[in-house]
$ cat query-v7.csv   # CSV, C-alpha atoms and all ligand atoms
chain,number,residue,atom,x,y,z
A,1,MET,CA,-7.5,-172.4,-35.8
A,2,THR,CA,-6.7,-171.3,-32.2
A,3,ILE,CA,-4.0,-172.8,-30.1
A,4,GLY,CA,-6.6,-174.3,-27.8
A,5,ASP,CA,-8.2,-176.2,-30.7
A,6,CYS,CA,-5.1,-178.0,-31.8
A,7,ARG,CA,-4.7,-180.5,-29.0
A,8,VAL,CA,-7.2,-182.9,-30.5
A,9,ASP,CA,-4.9,-183.3,-33.4
A,10,PHE,CA,-2.2,-184.8,-31.1
A,11,PRO,CA,-3.6,-188.1,-29.7
A,12,ILE,CA,-0.5,-188.8,-27.7
A,13,THR,CA,-1.3,-185.9,-25.4
A,14,ARG,CA,-4.4,-187.8,-24.1
A,15,ASP,CA,-2.2,-190.3,-22.2
A,16,LEU,CA,0.8,-188.4,-21.0
A,17,ILE,CA,2.5,-185.0,-20.6
A,18,TYR,CA,4.9,-184.6,-23.4
A,19,LEU,CA,7.6,-182.0,-22.4
A,20,ASP,CA,10.3,-183.2,-24.8
A,21,SER,CA,9.5,-181.2,-27.9
A,22,ALA,CA,13.0,-179.8,-28.2
A,23,ALA,CA,14.2,-183.3,-29.0
A,24,THR,CA,11.3,-184.1,-31.3
A,25,SER,CA,7.8,-182.5,-31.5
A,26,LEU,CA,4.6,-184.5,-31.7
A,27,THR,CA,3.0,-184.5,-35.1
A,28,PRO,CA,-0.7,-183.6,-35.8
A,29,LYS,CA,-3.2,-185.7,-37.7
A,30,PRO,CA,-3.2,-183.4,-40.9
A,31,VAL,CA,0.5,-183.9,-41.3
A,32,VAL,CA,0.1,-187.7,-41.1
A,33,GLN,CA,-2.9,-187.6,-43.5
A,34,ALA,CA,-0.9,-185.5,-46.1
A,35,MET,CA,1.8,-188.2,-46.1
A,36,VAL,CA,-0.7,-191.1,-46.3
A,37,GLU,CA,-2.4,-189.4,-49.1
A,38,TYR,CA,0.8,-189.3,-51.2
A,39,ASP,CA,1.4,-193.0,-50.5
A,40,LEU,CA,-2.1,-194.2,-51.2
A,41,ARG,CA,-3.2,-191.8,-54.0
A,42,TYR,CA,-0.4,-190.5,-56.1
A,43,ARG,CA,2.9,-192.2,-55.1
A,44,ALA,CA,5.5,-191.9,-57.8
A,45,ASN,CA,9.1,-190.7,-58.1
A,46,VAL,CA,9.6,-187.0,-58.8
A,47,GLY,CA,11.4,-185.1,-61.6
A,48,ARG,CA,11.8,-188.2,-63.7
A,49,GLY,CA,8.7,-189.8,-65.3
A,50,MET,CA,6.2,-188.4,-67.8
A,51,HIS,CA,3.2,-190.4,-66.6
A,52,ARG,CA,0.3,-188.8,-64.7
A,53,LEU,CA,1.3,-189.9,-61.2
A,54,ALA,CA,4.8,-188.7,-61.7
A,55,ALA,CA,3.4,-185.3,-62.8
A,56,VAL,CA,1.2,-185.0,-59.8
A,57,ALA,CA,3.9,-186.1,-57.4
A,58,THR,CA,6.5,-183.8,-58.9
A,59,HIS,CA,4.1,-180.9,-58.8
A,60,ARG,CA,3.1,-181.5,-55.1
A,61,TYR,CA,6.8,-182.1,-54.1
A,62,ARG,CA,8.0,-178.8,-55.7
A,63,ASP,CA,5.1,-176.9,-54.2
A,64,ALA,CA,5.9,-178.4,-50.8
A,65,ARG,CA,9.5,-177.3,-51.1
A,66,ASP,CA,8.5,-173.8,-52.1
A,67,ALA,CA,6.0,-173.6,-49.2
A,68,ILE,CA,8.7,-174.6,-46.7
A,69,ARG,CA,11.1,-172.0,-48.2
A,70,SER,CA,8.4,-169.4,-47.9
A,71,PHE,CA,7.7,-170.4,-44.3
A,72,ILE,CA,11.2,-169.3,-43.3
A,73,GLY,CA,11.1,-166.2,-45.5
A,74,GLY,CA,13.6,-167.7,-48.0
A,75,GLU,CA,12.1,-166.6,-51.4
A,76,VAL,CA,15.3,-164.9,-52.4
A,77,GLY,CA,17.5,-168.0,-51.9
A,78,THR,CA,17.7,-171.7,-52.5
A,79,LEU,CA,16.2,-174.3,-50.3
A,80,ALA,CA,17.6,-177.8,-50.6
A,81,VAL,CA,15.7,-180.6,-48.8
A,82,ALA,CA,17.9,-182.3,-46.2
A,83,ARG,CA,17.4,-185.1,-43.8
A,84,ASN,CA,17.9,-182.9,-40.7
A,85,THR,CA,19.9,-180.0,-39.3
A,86,THR,CA,23.0,-182.2,-38.8
A,87,GLU,CA,23.0,-183.1,-42.5
A,88,ALA,CA,22.4,-179.5,-43.6
A,89,ILE,CA,25.3,-178.1,-41.5
A,90,GLY,CA,27.5,-181.0,-42.7
A,91,ALA,CA,26.7,-180.0,-46.3
A,92,VAL,CA,28.0,-176.5,-45.7
A,93,ALA,CA,31.1,-177.8,-43.9
A,94,ALA,CA,31.8,-180.2,-46.8
A,95,GLY,CA,30.8,-177.8,-49.6
A,96,LEU,CA,32.9,-174.7,-48.9
A,97,PRO,CA,36.3,-174.4,-50.5
A,98,TRP,CA,38.4,-174.3,-47.3
A,99,GLN,CA,42.0,-173.3,-47.4
A,100,ARG,CA,44.7,-173.7,-44.7
A,101,GLY,CA,44.6,-170.6,-42.5
A,102,ASP,CA,40.9,-170.0,-42.9
A,103,ARG,CA,39.1,-169.4,-39.6
A,104,VAL,CA,35.7,-170.4,-38.3
A,105,VAL,CA,34.1,-168.7,-35.3
A,106,THR,CA,31.5,-170.5,-33.3
A,107,THR,CA,30.2,-170.6,-29.7
A,108,MET,CA,30.2,-172.9,-26.7
A,109,LEU,CA,26.4,-172.8,-26.8
A,110,GLU,CA,26.3,-175.0,-29.8
A,111,HIS,CA,24.7,-178.5,-30.2
A,112,HIS,CA,27.4,-181.0,-31.2
A,113,SER,CA,25.9,-180.9,-34.7
A,114,ASN,CA,27.1,-177.3,-35.1
A,115,LEU,CA,30.5,-177.9,-33.4
A,116,LEU,CA,31.9,-181.2,-34.6
A,117,PRO,CA,31.9,-180.3,-38.4
A,118,TRP,CA,34.1,-177.3,-37.5
A,119,LEU,CA,36.3,-179.2,-35.1
A,120,ARG,CA,36.9,-181.7,-37.9
A,121,LEU,CA,38.1,-178.9,-40.2
A,122,ARG,CA,41.1,-178.4,-37.9
A,123,GLU,CA,42.6,-181.5,-39.5
A,124,ARG,CA,42.6,-179.5,-42.8
A,125,GLY,CA,44.4,-176.5,-41.2
A,126,VAL,CA,41.3,-174.4,-40.5
A,127,ALA,CA,41.4,-172.6,-37.1
A,128,VAL,CA,38.3,-172.7,-35.0
A,129,ASP,CA,37.6,-170.0,-32.4
A,130,ILE,CA,35.0,-171.0,-29.8
A,131,ILE,CA,33.4,-168.0,-28.0
A,132,ARG,CA,32.5,-168.8,-24.3
A,133,PRO,CA,29.4,-167.5,-22.7
A,134,ASP,CA,29.5,-166.3,-19.0
A,135,ALA,CA,28.8,-168.7,-16.1
A,136,ALA,CA,25.0,-168.2,-16.7
A,137,GLY,CA,25.2,-168.8,-20.4
A,138,ASN,CA,25.0,-165.2,-21.6
A,139,LEU,CA,27.1,-164.6,-24.7
A,140,ASP,CA,28.8,-161.2,-25.0
A,141,LEU,CA,28.5,-159.9,-28.5
A,142,ALA,CA,31.7,-157.9,-28.1
A,143,ASP,CA,33.6,-161.2,-27.6
A,144,LEU,CA,32.2,-162.5,-30.9
A,145,GLU,CA,32.9,-159.3,-32.7
A,146,ALA,CA,36.5,-159.3,-31.5
A,147,ALA,CA,37.0,-162.9,-32.8
A,148,VAL,CA,35.7,-162.2,-36.3
A,149,ARG,CA,38.8,-161.2,-38.3
A,150,ASP,CA,39.6,-160.7,-41.9
A,151,ASP,CA,40.5,-164.3,-42.3
A,152,THR,CA,37.3,-165.6,-40.8
A,153,ARG,CA,35.5,-167.4,-43.6
A,154,LEU,CA,32.5,-168.5,-41.6
A,155,VAL,CA,30.6,-167.7,-38.3
A,156,ALA,CA,28.4,-170.6,-37.2
A,157,VAL,CA,25.9,-169.9,-34.4
A,158,THR,CA,22.7,-171.3,-33.1
A,159,HIS,CA,19.6,-169.2,-33.2
A,160,ALA,CA,18.2,-170.6,-30.0
A,161,SER,CA,20.0,-172.8,-27.4
A,162,ASN,CA,18.6,-176.3,-27.0
A,163,VAL,CA,19.8,-176.4,-23.4
A,164,LEU,CA,19.0,-172.9,-22.0
A,165,GLY,CA,16.3,-171.8,-24.5
A,166,THR,CA,18.0,-168.5,-24.9
A,167,VAL,CA,17.7,-166.7,-28.3
A,168,LEU,CA,20.8,-165.2,-29.9
A,169,PRO,CA,20.8,-161.8,-31.7
A,170,VAL,CA,21.5,-163.4,-35.1
A,171,GLY,CA,20.5,-160.1,-36.9
A,172,GLU,CA,23.3,-158.3,-35.1
A,173,ILE,CA,25.7,-161.1,-35.7
A,174,ALA,CA,24.9,-161.0,-39.4
A,175,GLY,CA,25.8,-157.3,-39.3
A,176,ILE,CA,29.2,-158.1,-37.8
A,177,CYS,CA,29.8,-160.8,-40.4
A,178,ARG,CA,28.9,-158.4,-43.3
A,179,ASP,CA,31.3,-155.8,-42.0
A,180,ARG,CA,34.2,-158.4,-41.9
A,181,GLY,CA,33.3,-160.3,-45.1
A,182,ALA,CA,32.6,-163.5,-43.2
A,183,ARG,CA,29.7,-165.8,-44.1
A,184,LEU,CA,27.1,-166.6,-41.4
A,185,LEU,CA,25.5,-170.0,-40.8
A,186,VAL,CA,22.6,-170.1,-38.4
A,187,ASP,CA,21.5,-173.3,-36.8
A,188,GLY,CA,17.7,-172.9,-36.8
A,189,ALA,CA,16.8,-176.3,-35.3
A,190,GLN,CA,15.2,-174.7,-32.2
A,191,SER,CA,14.0,-171.4,-33.7
A,192,VAL,CA,11.9,-172.3,-36.8
A,193,PRO,CA,9.5,-174.4,-34.6
A,194,HIS,CA,9.0,-171.7,-32.0
A,195,LEU,CA,9.6,-168.2,-33.5
A,196,PRO,CA,8.7,-166.3,-36.6
A,197,VAL,CA,11.8,-166.7,-38.8
A,198,ASP,CA,12.7,-164.6,-41.8
A,199,VAL,CA,16.1,-165.6,-43.1
A,200,ALA,CA,16.3,-162.8,-45.7
A,201,ALA,CA,15.7,-160.1,-43.1
A,202,MET,CA,18.1,-161.9,-40.7
A,203,GLY,CA,20.9,-161.6,-43.2
A,204,CYS,CA,22.5,-165.0,-42.9
A,205,ASP,CA,24.1,-167.0,-45.7
A,206,TYR,CA,23.1,-170.5,-44.6
A,207,PHE,CA,20.2,-171.5,-42.4
A,208,CYS,CA,19.7,-175.1,-41.3
A,209,PHE,CA,16.7,-176.7,-39.7
A,210,SER,CA,14.9,-180.0,-38.9
A,211,GLY,CA,11.3,-181.0,-39.8
A,212,HIS,CA,10.8,-183.3,-36.8
A,213,LYS,CA,11.0,-180.5,-34.3
A,214,MET,CA,8.3,-178.4,-36.1
A,215,LEU,CA,5.4,-180.9,-36.2
A,216,GLY,CA,6.9,-182.6,-39.4
A,217,PRO,CA,8.1,-186.1,-40.0
A,218,THR,CA,11.5,-187.4,-39.0
A,219,GLY,CA,14.1,-187.6,-41.8
A,220,THR,CA,13.2,-184.1,-43.2
A,221,GLY,CA,14.7,-180.7,-42.9
A,222,GLY,CA,16.2,-178.0,-45.0
A,223,LEU,CA,19.4,-176.1,-45.9
A,224,TRP,CA,18.6,-172.6,-47.1
A,225,MET,CA,21.3,-170.8,-48.9
A,226,LEU,CA,21.5,-167.2,-50.1
A,227,GLY,CA,23.5,-168.3,-53.2
A,228,SER,CA,24.0,-171.8,-54.6
A,229,ASP,CA,27.8,-171.8,-54.6
A,230,LEU,CA,28.4,-174.8,-52.3
A,231,GLU,CA,29.9,-177.9,-53.8
A,232,PRO,CA,27.2,-180.6,-53.4
A,233,LEU,CA,27.9,-183.4,-50.9
A,234,PHE,CA,26.6,-186.0,-53.3
A,235,VAL,CA,26.2,-186.1,-57.1
A,236,GLY,CA,24.1,-188.5,-59.1
A,237,GLY,CA,20.6,-189.0,-60.6
A,238,GLY,CA,18.3,-185.9,-60.3
A,239,ALA,CA,21.2,-183.5,-59.7
A,240,VAL,CA,22.5,-183.1,-63.2
A,241,GLU,CA,21.5,-181.3,-66.4
A,242,SER,CA,23.6,-183.3,-68.8
A,243,VAL,CA,26.1,-186.2,-68.6
A,244,THR,CA,28.6,-187.6,-71.1
A,245,ASP,CA,31.3,-190.2,-70.5
A,246,GLY,CA,33.6,-187.2,-70.2
A,247,GLY,CA,31.8,-185.4,-67.4
A,248,TYR,CA,28.6,-183.7,-66.3
A,249,THR,CA,26.9,-180.4,-65.8
A,250,LEU,CA,25.1,-179.9,-62.5
A,251,ALA,CA,21.5,-178.8,-62.6
A,252,PRO,CA,20.9,-175.2,-61.4
A,253,GLY,CA,19.5,-174.2,-58.1
A,254,GLU,CA,18.3,-176.6,-55.4
A,255,GLN,CA,18.2,-179.5,-57.7
A,256,ARG,CA,22.0,-179.9,-57.7
A,257,TYR,CA,21.8,-180.5,-53.9
A,258,GLU,CA,19.1,-183.2,-54.1
A,259,ALA,CA,20.9,-186.2,-55.8
A,260,GLY,CA,18.8,-189.3,-55.6
A,261,THR,CA,15.2,-189.7,-54.7
A,262,PRO,CA,14.3,-187.2,-52.0
A,263,PRO,CA,12.0,-187.8,-49.0
A,264,ILE,CA,8.8,-187.1,-51.1
A,265,ALA,CA,6.1,-188.0,-48.5
A,266,GLY,CA,8.3,-186.4,-45.8
A,267,THR,CA,8.6,-183.1,-47.7
A,268,ILE,CA,4.9,-183.0,-48.4
A,269,GLY,CA,4.3,-183.7,-44.7
A,270,LEU,CA,6.7,-181.0,-43.7
A,271,ALA,CA,5.0,-178.4,-45.9
A,272,ARG,CA,1.7,-179.4,-44.2
A,273,ALA,CA,3.3,-178.9,-40.8
A,274,ALA,CA,4.4,-175.4,-41.9
A,275,ALA,CA,0.9,-174.6,-43.0
A,276,TYR,CA,-0.5,-175.9,-39.7
A,277,LEU,CA,1.9,-173.6,-37.8
A,278,ARG,CA,1.0,-170.7,-40.2
A,279,ASP,CA,-2.7,-171.2,-39.5
A,280,ILE,CA,-2.1,-170.8,-35.8
A,281,GLY,CA,0.4,-168.0,-36.4
A,282,MET,CA,4.0,-168.0,-35.3
A,283,ASP,CA,3.5,-164.9,-33.1
A,284,THR,CA,0.7,-166.8,-31.3
A,285,VAL,CA,3.0,-169.8,-30.9
A,286,ARG,CA,5.7,-167.6,-29.5
A,287,ARG,CA,3.5,-165.8,-27.0
A,288,HIS,CA,1.9,-169.1,-25.8
A,289,GLU,CA,5.4,-170.6,-25.1
A,290,GLU,CA,6.6,-167.4,-23.5
A,291,ARG,CA,3.7,-167.6,-21.0
A,292,LEU,CA,4.4,-171.3,-20.3
A,293,CYS,CA,8.1,-170.7,-20.0
A,294,ALA,CA,7.7,-167.9,-17.5
A,295,ARG,CA,5.3,-170.1,-15.4
A,296,LEU,CA,7.7,-172.9,-15.5
A,297,ILE,CA,10.7,-170.9,-14.4
A,298,ASP,CA,8.8,-169.0,-11.7
A,299,GLY,CA,7.4,-172.3,-10.4
A,300,LEU,CA,10.8,-174.2,-10.3
A,301,ALA,CA,12.9,-171.3,-9.1
A,302,VAL,CA,11.2,-171.1,-5.7
A,303,LEU,CA,11.6,-174.8,-4.9
A,304,ASP,CA,14.2,-175.7,-2.3
A,305,GLY,CA,17.1,-177.8,-3.9
A,306,VAL,CA,16.0,-177.0,-7.4
A,307,THR,CA,18.2,-174.7,-9.6
A,308,VAL,CA,17.2,-173.4,-13.0
A,309,ALA,CA,20.2,-173.2,-15.4
A,310,GLY,CA,20.8,-170.2,-17.6
A,311,PRO,CA,20.3,-166.4,-17.6
A,312,ASP,CA,17.5,-164.4,-15.8
A,313,ALA,CA,13.9,-165.2,-16.5
A,314,ASP,CA,13.5,-161.9,-18.5
A,315,THR,CA,16.1,-163.1,-21.1
A,316,GLU,CA,14.4,-163.8,-24.5
A,317,ARG,CA,13.8,-167.6,-24.6
A,318,ILE,CA,11.9,-170.3,-26.4
A,319,GLY,CA,10.0,-172.8,-24.3
A,320,VAL,CA,13.1,-174.7,-23.1
A,321,VAL,CA,14.0,-174.8,-19.4
A,322,SER,CA,16.9,-176.8,-17.9
A,323,PHE,CA,17.2,-177.5,-14.2
A,324,THR,CA,18.8,-179.7,-11.6
A,325,VAL,CA,17.7,-181.2,-8.3
A,326,GLU,CA,20.3,-181.2,-5.6
A,327,GLY,CA,21.8,-184.6,-4.9
A,328,MET,CA,20.1,-186.3,-7.8
A,329,HIS,CA,21.3,-187.4,-11.2
A,330,PRO,CA,19.2,-185.8,-14.0
A,331,HIS,CA,18.4,-189.2,-15.4
A,332,GLU,CA,17.0,-190.3,-12.0
A,333,VAL,CA,14.7,-187.2,-11.9
A,334,ALA,CA,13.5,-187.8,-15.4
A,335,GLN,CA,12.7,-191.4,-14.7
A,336,ILE,CA,10.7,-190.6,-11.6
A,337,LEU,CA,8.8,-187.9,-13.5
A,338,ASP,CA,7.8,-190.5,-16.1
A,339,GLU,CA,6.9,-193.2,-13.6
A,340,ALA,CA,5.1,-191.1,-11.0
A,341,ALA,CA,3.3,-188.6,-13.2
A,342,ALA,CA,3.7,-189.6,-16.9
A,343,VAL,CA,5.7,-186.4,-17.5
A,344,LEU,CA,8.2,-187.0,-20.2
A,345,VAL,CA,11.3,-184.8,-20.2
A,346,ARG,CA,14.9,-185.1,-21.5
A,347,SER,CA,17.9,-185.5,-19.2
A,348,GLY,CA,21.6,-185.5,-19.6
A,349,HIS,CA,24.0,-183.3,-21.7
A,350,HIS,CA,21.6,-182.7,-24.6
A,351,CYS,CA,24.4,-183.1,-27.2
A,352,CYS,CA,26.1,-180.1,-25.6
A,353,GLN,CA,29.0,-181.6,-23.6
A,354,PRO,CA,31.4,-178.6,-23.8
A,355,LEU,CA,28.6,-176.3,-22.6
A,356,MET,CA,27.7,-178.5,-19.7
A,357,GLU,CA,31.3,-178.7,-18.6
A,358,HIS,CA,31.5,-174.9,-18.9
A,359,LEU,CA,28.4,-174.4,-16.8
A,360,GLY,CA,29.8,-176.7,-14.2
A,361,LEU,CA,27.1,-179.3,-14.8
A,362,PRO,CA,29.0,-182.4,-16.1
A,363,GLU,CA,26.1,-184.7,-15.4
A,364,GLY,CA,23.8,-182.4,-17.4
A,365,THR,CA,20.4,-181.2,-16.6
A,366,VAL,CA,16.7,-182.1,-16.7
A,367,ARG,CA,15.2,-180.3,-19.6
A,368,ALA,CA,11.5,-179.5,-20.0
A,369,SER,CA,10.4,-178.2,-23.4
A,370,THR,CA,7.0,-177.0,-24.5
A,371,TYR,CA,5.1,-176.6,-27.7
A,372,ILE,CA,1.7,-175.6,-29.1
A,373,TYR,CA,-0.1,-178.5,-27.5
A,374,THR,CA,1.3,-177.9,-24.0
A,375,THR,CA,-1.1,-176.5,-21.4
A,376,LYS,CA,-0.5,-174.6,-18.2
A,377,GLU,CA,-2.0,-177.4,-16.2
A,378,GLU,CA,0.7,-179.7,-17.5
A,379,ILE,CA,3.3,-177.2,-16.4
A,380,ASP,CA,1.8,-177.1,-13.0
A,381,THR,CA,1.9,-180.9,-12.8
A,382,LEU,CA,5.6,-180.9,-13.7
A,383,ILE,CA,6.3,-178.3,-11.0
A,384,ALA,CA,4.3,-180.1,-8.3
A,385,THR,CA,6.0,-183.4,-9.1
A,386,VAL,CA,9.5,-181.8,-9.1
A,387,GLU,CA,8.6,-180.4,-5.7
A,388,GLU,CA,7.7,-183.9,-4.4
A,389,ILE,CA,10.9,-185.3,-5.9
A,390,SER,CA,13.1,-182.6,-4.3
A,391,ARG,CA,11.5,-183.3,-0.9
A,392,ARG,CA,12.0,-187.0,-1.5
A,393,MET,CA,8.3,-187.7,-1.1
A,394,ILE,CA,8.3,-189.9,-4.2
B,401,LIG,C1,20.2,-176.5,-31.7
B,401,LIG,C2,20.3,-177.8,-32.4
B,401,LIG,N1,21.0,-178.0,-33.4
B,401,LIG,C3,21.1,-179.1,-34.1
B,401,LIG,C4,20.3,-180.2,-33.7
B,401,LIG,C5,20.4,-181.5,-34.5
B,401,LIG,O1,19.2,-181.8,-35.0
B,401,LIG,P1,19.0,-183.1,-35.8
B,401,LIG,O2,19.2,-184.2,-34.9
B,401,LIG,O3,17.5,-183.1,-36.3
B,401,LIG,O4,19.9,-183.1,-37.0
B,401,LIG,C6,19.5,-180.1,-32.6
B,401,LIG,C7,18.8,-181.3,-32.1
B,401,LIG,O5,18.3,-181.3,-31.0
B,401,LIG,C8,19.5,-178.9,-31.9
B,401,LIG,O6,18.7,-178.7,-30.8

$ encode --input "query-v7.csv" --output "structure tokens"
Amino acid sequence: MTIGDCRVDFPITRDLIYLDSAATSLTPKPVVQAMVEYDLRYRANVGRGMHRLAAVATHRYRDARDAIRSFIGGEVGTLAVARNTTEAIGAVAAGLPWQRGDRVVTTMLEHHSNLLPWLRLRERGVAVDIIRPDAAGNLDLADLEAAVRDDTRLVAVTHASNVLGTVLPVGEIAGICRDRGARLLVDGAQSVPHLPVDVAAMGCDYFCFSGHKMLGPTGTGGLWMLGSDLEPLFVGGGAVESVTDGGYTLAPGEQRYEAGTPPIAGTIGLARAAAYLRDIGMDTVRRHEERLCARLIDGLAVLDGVTVAGPDADTERIGVVSFTVEGMHPHEVAQILDEAAAVLVRSGHHCCQPLMEHLGLPEGTVRASTYIYTTKEEIDTLIATVEEISRRMI
């Protein structure tokens, strides 16, 4: 499949210009069909029954989980199905054996989902160091390196910023963590959908991502772990090997992290989404978005009264561009884009309030984000409409 062929699989794109994929991507017909097939043809619970439907469902669910793990290069580790990135990060924060005096290092580029779990640990005597980027949003690796000390138990960073689109050098950060004996958690919510990801080569310990941003269904995602030494968030049916009235033995591997009935149709749909992306090729996805992103930044940067947030255009980015229009609230711009041109973008603080304050943008930004179904004509419509808005023509 070529990237140009895929658009017919996304009926929503017929009626409007969807530039909010960083919040949630659209989902293609084959993903919906894979989920419908489970519900209509072989719906049963997994890992429990002996009957024929249970066997098919269990087999397909486990295959799906393996395929998702393989999509991120995670064969060596364990992939537990999670509802989303937030849950996956929360499972790490809750599952590590914290002690008073431990330190966590994170950055001011983080989504609230990769910040609040660490801030909450302060109540338990864990210190949290937050590395600040410069005024343009560039992170200095030397600052991070200086912050990682012998008592740093965990470094938690995003792979790609959901506000500025910038990609962090997580491989280098993994090297720093290895040298200091700290573990590394990578928030892959914005990278897995847009870049080739290989968690084993990256060298992280925990990798968290969401299915709904990578063509998959809502309510799905994953927590990949190099080992399986986290204390599970929940225990119960499906997560144990044996139980007596005196205690229980947890099941090995990912099973111990999946207490209760998992999102079966969702996981099967997410695996189909990964296969869909694999068919196109993640290098192709990345190049397509790089071209769109460059066009978007170039087009917006020359408009009077429009400011593109973040580092220079040649910084490595995914297809996420934040901007402001002088004298207008970001929500107002987003509303006009929808009403006047059926262009859907996100506006506000994007769940990154500390970053917005740091960048001097307390009202936030307008954020346009692309994906495989985005065309250059759509980008041009956005730019032309923003120009009219900035000139107060609409
Ligand atoms: C970088 C980043 N991390 C975490 C999240 C949280 O994802 P979810 O809402 O799927 O848990 C998002 C969502 O936008 C994100 O962009």

$ residues_near_ligand --input "query-v7.csv" --ligand "ligand LIG 401 (chain B)" --cutoff "9 Å" --atoms "all atoms listed in the file" --output "PyMOL selection string"
chain A and resi 22-24+83-89+109-114+158-163+187-191+208-213+218-221+350-351

$ closest_residue --input "query-v7.csv" --among "A:Gly74, A:Gly137, A:Gly237, A:Gly90" --to "A:Ala201" --atoms "only C-alpha atoms"
A:Gly74

$ closest_residue --input "query-v7.csv" --among "A:Val386, A:Val192, A:Ala301, A:Ala271" --to "A:Ala67" --atoms "all atoms listed in the file"
A:Ala271

$ residues_near_point --input "query-v7.csv" --point "(22.2, -174.3, -56.8)" --cutoff "10 Å" --atoms "all atoms listed in the file" --output "JSON, numbers by chain"
{"A": [77, 78, 79, 80, 225, 226, 227, 228, 229, 230, 231, 232, 239, 250, 251, 252, 253, 254, 255, 256, 257, 258]}

$ closest_residue --input "query-v7.csv" --among "A:Ala44, A:Leu19, A:Leu121, A:Met1" --to "A:Cys293" --atoms "only C-alpha atoms"
A:Leu19

$ closest_residue --input "query-v7.csv" --among "A:Ala200, A:Ala342, A:Leu337, A:Ala294" --to "A:Ser70" --atoms "only C-alpha atoms"
A:Ala200

$ residues_around --input "query-v7.csv" --residues "A:Val31" --least-positions-apart "3" --cutoff "6 Å" --atoms "only C-alpha atoms" --output "PyMOL selection string"
chain A and resi 28+34+269+272-273

$ atom_distance --input "query-v7.csv" --atom1 "atom CA of A:Asp134" --atom2 "atom CA of A:Asp312"
12.6 Å

$ closest_residue --input "query-v7.csv" --among "A:Gly305, A:Gly299, A:Gly4, A:Gly310" --to "A:Ile383" --atoms "all atoms listed in the file"
A:Gly299

$ closest_residue --input "query-v7.csv" --among "A:Ile264, A:Ile372, A:Leu195, A:Pro362" --to "A:Arg65" --atoms "all atoms listed in the file"
A:Ile264

$ atom_distance --input "query-v7.csv" --atom1 "atom CA of A:Pro262" --atom2 "atom CA of A:Gly222"
11.7 Å

$ atom_distance --input "query-v7.csv" --atom1 "atom CA of A:Arg69" --atom2 "atom CA of A:Val321"
29.1 Å

$ residues_near_point --input "query-v7.csv" --point "(-3.0, -192.6, -54.5)" --cutoff "12 Å" --atoms "only C-alpha atoms" --output "number ranges by chain"
A: 34-44, 52-54, 56-57, 265

$ residues_around --input "query-v7.csv" --residues "A:Tyr373" --least-positions-apart "2" --cutoff "7 Å" --atoms "only C-alpha atoms" --output "list of chain:residue names"
A:Cys6, A:Arg7, A:Tyr371, A:Thr375

$ write_last_selection --input "query-v7.csv" --atoms "C-alpha atoms" --output "CSV table (one decimal), keeping the file's coordinate frame"
chain,number,residue,atom,x,y,z
A,6,CYS,CA,-5.1,-178.0,-31.8
A,7,ARG,CA,-4.7,-180.5,-29.0
A,371,TYR,CA,5.1,-176.6,-27.7
A,375,THR,CA,-1.1,-176.5,-21.4
